[in-house]
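Structure data (compact mmCIF, C-alpha atoms) from input26.txt:
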# COMPACT_ATOMS: atom_id res chain seq x y z
CA MET A 54 70.01 5.75 -6.33
CA ALA A 55 70.58 9.51 -6.63
CA THR A 56 74.09 10.73 -7.27
CA LEU A 57 75.60 13.89 -5.91
CA THR A 58 76.21 16.55 -8.53
CA ILE A 59 77.99 19.82 -7.82
CA GLU A 60 76.92 22.99 -9.57
CA ARG A 61 79.46 24.24 -12.11
CA LYS A 62 80.89 27.62 -11.05
CA PRO A 63 84.12 29.43 -12.02
CA LYS A 64 84.85 30.13 -8.34
CA TYR A 65 85.26 26.38 -7.73
CA GLU A 66 88.08 26.24 -10.27
CA ARG A 67 89.78 29.16 -8.47
CA ILE A 68 89.38 27.28 -5.18
CA ILE A 69 90.99 24.20 -6.76
CA ASN A 70 93.95 26.28 -7.93
CA ILE A 71 94.36 27.81 -4.47
CA LEU A 72 94.09 24.43 -2.73
CA ALA A 73 96.59 22.84 -5.14
CA ILE A 74 99.14 25.38 -3.95
CA ALA A 75 98.02 25.73 -0.32
CA ILE A 76 97.95 22.01 0.54
CA PRO A 77 101.62 21.29 -0.31
CA VAL A 78 102.75 24.61 1.21
CA VAL A 79 100.91 24.00 4.49
CA VAL A 80 102.20 20.42 4.65
CA ALA A 81 105.76 21.65 4.02
CA LEU A 82 105.41 24.30 6.73
CA LEU A 83 104.05 21.79 9.22
CA LEU A 84 106.82 19.33 8.40
CA GLY A 85 109.38 22.10 8.80
CA ILE A 86 108.55 22.52 12.48
CA ARG A 87 111.70 21.34 14.26
CA GLN A 88 110.11 21.02 17.70
CA LYS A 89 108.06 17.84 17.70
CA ILE A 90 104.65 17.80 19.36
CA ASP A 91 104.00 14.96 21.80
CA LEU A 92 100.77 13.40 20.58
CA GLY A 93 101.42 10.09 22.31
CA ALA A 94 102.86 6.71 21.47
CA TRP A 95 99.89 5.85 19.23
CA THR A 96 101.46 7.94 16.46
CA LYS A 97 104.18 5.28 16.06
CA VAL A 98 101.64 3.09 14.21
CA LEU A 99 100.84 5.79 11.66
CA PRO A 100 103.51 4.75 9.10
CA HIS A 101 101.87 1.31 9.00
CA VAL A 102 98.42 2.89 8.64
CA ILE A 103 99.78 5.08 5.84
CA GLY A 104 101.19 2.00 4.11
CA VAL A 105 97.76 0.37 4.22
CA ILE A 106 96.09 3.56 2.98
CA ASN A 107 98.49 3.77 0.01
CA THR A 108 97.87 0.10 -0.79
CA LEU A 109 94.09 0.52 -0.65
CA THR A 110 94.29 3.70 -2.74
CA ALA A 111 96.29 1.95 -5.46
CA MET A 112 93.78 -0.91 -5.48
CA LEU A 113 90.84 1.52 -5.65
CA LEU A 114 92.42 3.44 -8.53
CA ILE A 115 92.82 0.22 -10.52
CA MET A 116 89.26 -0.81 -9.66
CA GLY A 117 87.95 2.62 -10.66
CA TYR A 118 89.74 2.35 -13.99
CA TYR A 119 88.27 -1.13 -14.51
CA PHE A 120 84.75 0.06 -13.65
CA ILE A 121 84.83 2.97 -16.08
CA LYS A 122 86.18 0.71 -18.85
CA GLN A 123 83.15 -1.53 -18.13
CA LYS A 124 80.96 1.62 -18.35
CA ASN A 125 79.86 1.15 -14.74
CA VAL A 126 79.81 4.85 -13.89
CA ILE A 127 78.18 4.41 -10.48
CA ALA A 128 80.81 1.92 -9.25
CA HIS A 129 83.54 4.09 -10.79
CA ARG A 130 82.28 7.18 -8.98
CA GLN A 131 81.97 5.37 -5.65
CA THR A 132 85.40 3.79 -5.96
CA MET A 133 87.14 7.01 -6.96
CA THR A 134 85.34 8.98 -4.25
CA THR A 135 86.59 6.45 -1.71
CA ALA A 136 90.14 6.78 -3.11
CA PHE A 137 89.85 10.56 -2.80
CA ALA A 138 88.60 10.29 0.80
CA LEU A 139 91.49 7.95 1.63
CA GLY A 140 93.81 10.61 0.21
CA ALA A 141 92.45 13.06 2.77
CA VAL A 142 92.87 10.51 5.59
CA PHE A 143 96.42 9.82 4.35
CA LEU A 144 97.26 13.52 4.49
CA VAL A 145 96.03 13.84 8.08
CA CYS A 146 97.94 10.72 9.19
CA TYR A 147 101.08 11.84 7.37
CA VAL A 148 101.09 15.27 9.01
CA LEU A 149 100.25 13.86 12.46
CA TYR A 150 103.12 11.39 12.23
CA HIS A 151 105.70 13.89 11.02
CA VAL A 152 104.81 16.67 13.48
CA SER A 153 105.12 14.23 16.36
CA ASN A 154 108.03 11.94 15.38
CA GLU A 155 111.58 12.42 14.21
CA ALA A 156 112.37 11.41 10.64
CA THR A 157 113.46 7.81 10.26
CA PRO A 158 116.81 7.55 8.47
CA PHE A 159 117.05 4.95 5.72
CA GLY A 160 119.62 2.34 6.66
CA GLY A 161 119.95 0.54 3.35
CA THR A 162 123.33 0.36 1.62
CA GLY A 163 124.70 -0.48 -1.79
CA PHE A 164 122.51 -0.46 -4.90
CA VAL A 165 119.28 -0.28 -2.89
CA ARG A 166 120.16 3.15 -1.44
CA PRO A 167 119.95 5.16 -4.70
CA VAL A 168 116.87 3.16 -5.72
CA TYR A 169 115.19 4.10 -2.44
CA TYR A 170 116.04 7.79 -2.81
CA PHE A 171 114.97 7.86 -6.46
CA LEU A 172 111.60 6.37 -5.50
CA LEU A 173 111.24 8.65 -2.48
CA ILE A 174 112.10 11.87 -4.33
CA SER A 175 109.95 11.05 -7.37
CA HIS A 176 107.13 10.06 -4.99
CA ILE A 177 107.33 13.38 -3.12
CA VAL A 178 107.64 15.58 -6.22
CA LEU A 179 104.79 13.85 -8.04
CA SER A 180 102.58 13.82 -4.92
CA ILE A 181 102.81 17.61 -4.90
CA GLY A 182 101.97 17.93 -8.59
CA VAL A 183 99.13 15.42 -8.63
CA VAL A 184 97.02 17.40 -6.16
CA TRP A 185 95.90 19.85 -8.87
CA PHE A 186 95.02 17.09 -11.33
CA VAL A 187 93.10 15.04 -8.75
CA LEU A 188 91.12 18.03 -7.48
CA ARG A 189 90.21 18.93 -11.07
CA ALA A 190 89.29 15.34 -11.94
CA VAL A 191 86.99 15.09 -8.92
CA TYR A 192 85.41 18.48 -9.59
CA PHE A 193 84.85 17.81 -13.29
CA GLY A 194 83.45 14.36 -12.49
CA TYR A 195 81.00 15.71 -9.94
CA THR A 196 79.92 18.56 -12.25
CA ASN A 197 79.44 16.15 -15.16
CA GLN A 198 82.01 17.95 -17.31
CA ILE A 199 83.05 14.62 -18.76
CA ALA A 200 85.36 15.94 -21.51
CA GLU A 201 87.27 18.04 -18.95
CA HIS A 202 87.21 15.13 -16.48
CA ARG A 203 88.86 12.88 -19.08
CA LYS A 204 91.57 15.48 -19.78
CA ALA A 205 92.37 15.79 -16.07
CA VAL A 206 92.28 12.03 -15.51
CA LYS A 207 94.69 11.47 -18.40
CA TRP A 208 97.34 12.94 -16.06
CA ALA A 209 95.82 12.33 -12.64
CA MET A 210 95.37 8.57 -12.92
CA PRO A 211 98.91 7.48 -13.85
CA ILE A 212 100.58 9.98 -11.52
CA TRP A 213 98.27 9.20 -8.60
CA LEU A 214 98.76 5.46 -9.14
CA TYR A 215 102.55 5.92 -9.31
CA VAL A 216 102.48 7.97 -6.09
CA SER A 217 100.35 5.36 -4.33
CA VAL A 218 102.46 2.40 -5.46
CA THR A 219 105.79 4.11 -4.73
CA GLY A 220 104.39 5.11 -1.34
CA VAL A 221 103.95 1.42 -0.56
CA ILE A 222 107.39 0.49 -1.92
CA VAL A 223 109.13 3.27 0.02
CA TYR A 224 107.23 2.23 3.16
CA LEU A 225 108.30 -1.40 2.72
CA MET A 226 111.91 -0.33 2.15
CA ILE A 227 112.11 1.91 5.24
CA SER A 228 109.85 -0.08 7.59
CA PRO A 229 112.71 -2.21 9.03
CA TYR A 230 114.27 1.03 10.33
CA TYR A 231 111.27 2.33 12.28
CA VAL A 232 111.98 2.32 16.01

Produce structure tokens that represent the structure in this file.
Amino acid sequence: MATLTIERKPKYERIINILAIAIPVVVALLLGIRQKIDLGAWTKVLPHVIGVINTLTAMLLIMGYYFIKQKNVIAHRQTMTTAFALGAVFLVCYVLYHVSNEATPFGGTGFVRPVYYFLLISHIVLSIGVVWFVLRAVYFGYTNQIAEHRKAVKWAMPIWLYVSVTGVIVYLMISPYYV
């Protein structure tokens, strides 16, 4: 089975740097639109879809880690590519939901409230930062720059896993308040 390999070029690293800034900025701008766009009632299911995507991504990240520890590079590559693709699907679903629906206020009280906001804020901040590491990890993996891939993954893997897991936890905590 042939594997896809991308040619190593300095311009790709510049593109990664631009995308790592552009993606969060564009998402923030889209989320900042006060007037919601009516995309239909189907968008109400998107938080649940996003919860499933985050769950699957976390599982794929753990599987990818397992496969590489077993030196199964092909399974690792396929698993991590799928996790990356799910990240793109997540981003589309997230933006579609938030441009078409009002924010859902968290209704929890007591000790659970600061826990929820800690998880939410750390999830958001780290999701912005992890973009650069993930893009680099994918690029270095597909260009067979294994030493650079390992350096990027040293940061990308734990942060991406934290973001995926906290995404699920935050979803479970706020899901009773969806209308």

Nearest-residue call for Ala75 (chain A), choices A:Ile127, A:Ala136, A:Val184, A:Ile222, using only C-alpha atoms: A:Val184

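Proximity ranking of A:Ser180, A:Thr134, A:Thr96, A:Thr157 relative to Leu114 (chain A) places A:Thr134 first, based on only C-alpha atoms.
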
Atom-to-atom span, CA of Ile181 (chain A) and CA of Lys89 (chain A), Å: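 For CA of Ile181 (chain A) relative to CA of Lys89 (chain A), the distance reads 23.2 Å.
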
Nearest candidate to Asn70 (chain A) (options A:Tyr192, A:Tyr118, A:Phe159, A:Phe143; using only C-alpha atoms): A:Tyr192

Atomic distance CA of Phe193 (chain A) - CA of Tyr65 (chain A), expressed in Å with one decimal: 10.2 Å

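One distance worth recording is that between CA of Trp185 (chain A) and CA of Glu66 (chain A), which is 10.2 Å.
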
Which residue of A:Met133, A:Gly117, A:Ala156, A:Thr108 approaches Tyr215 (chain A) most closely, using all atoms listed in the file: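 Closest candidate: A:Thr108.
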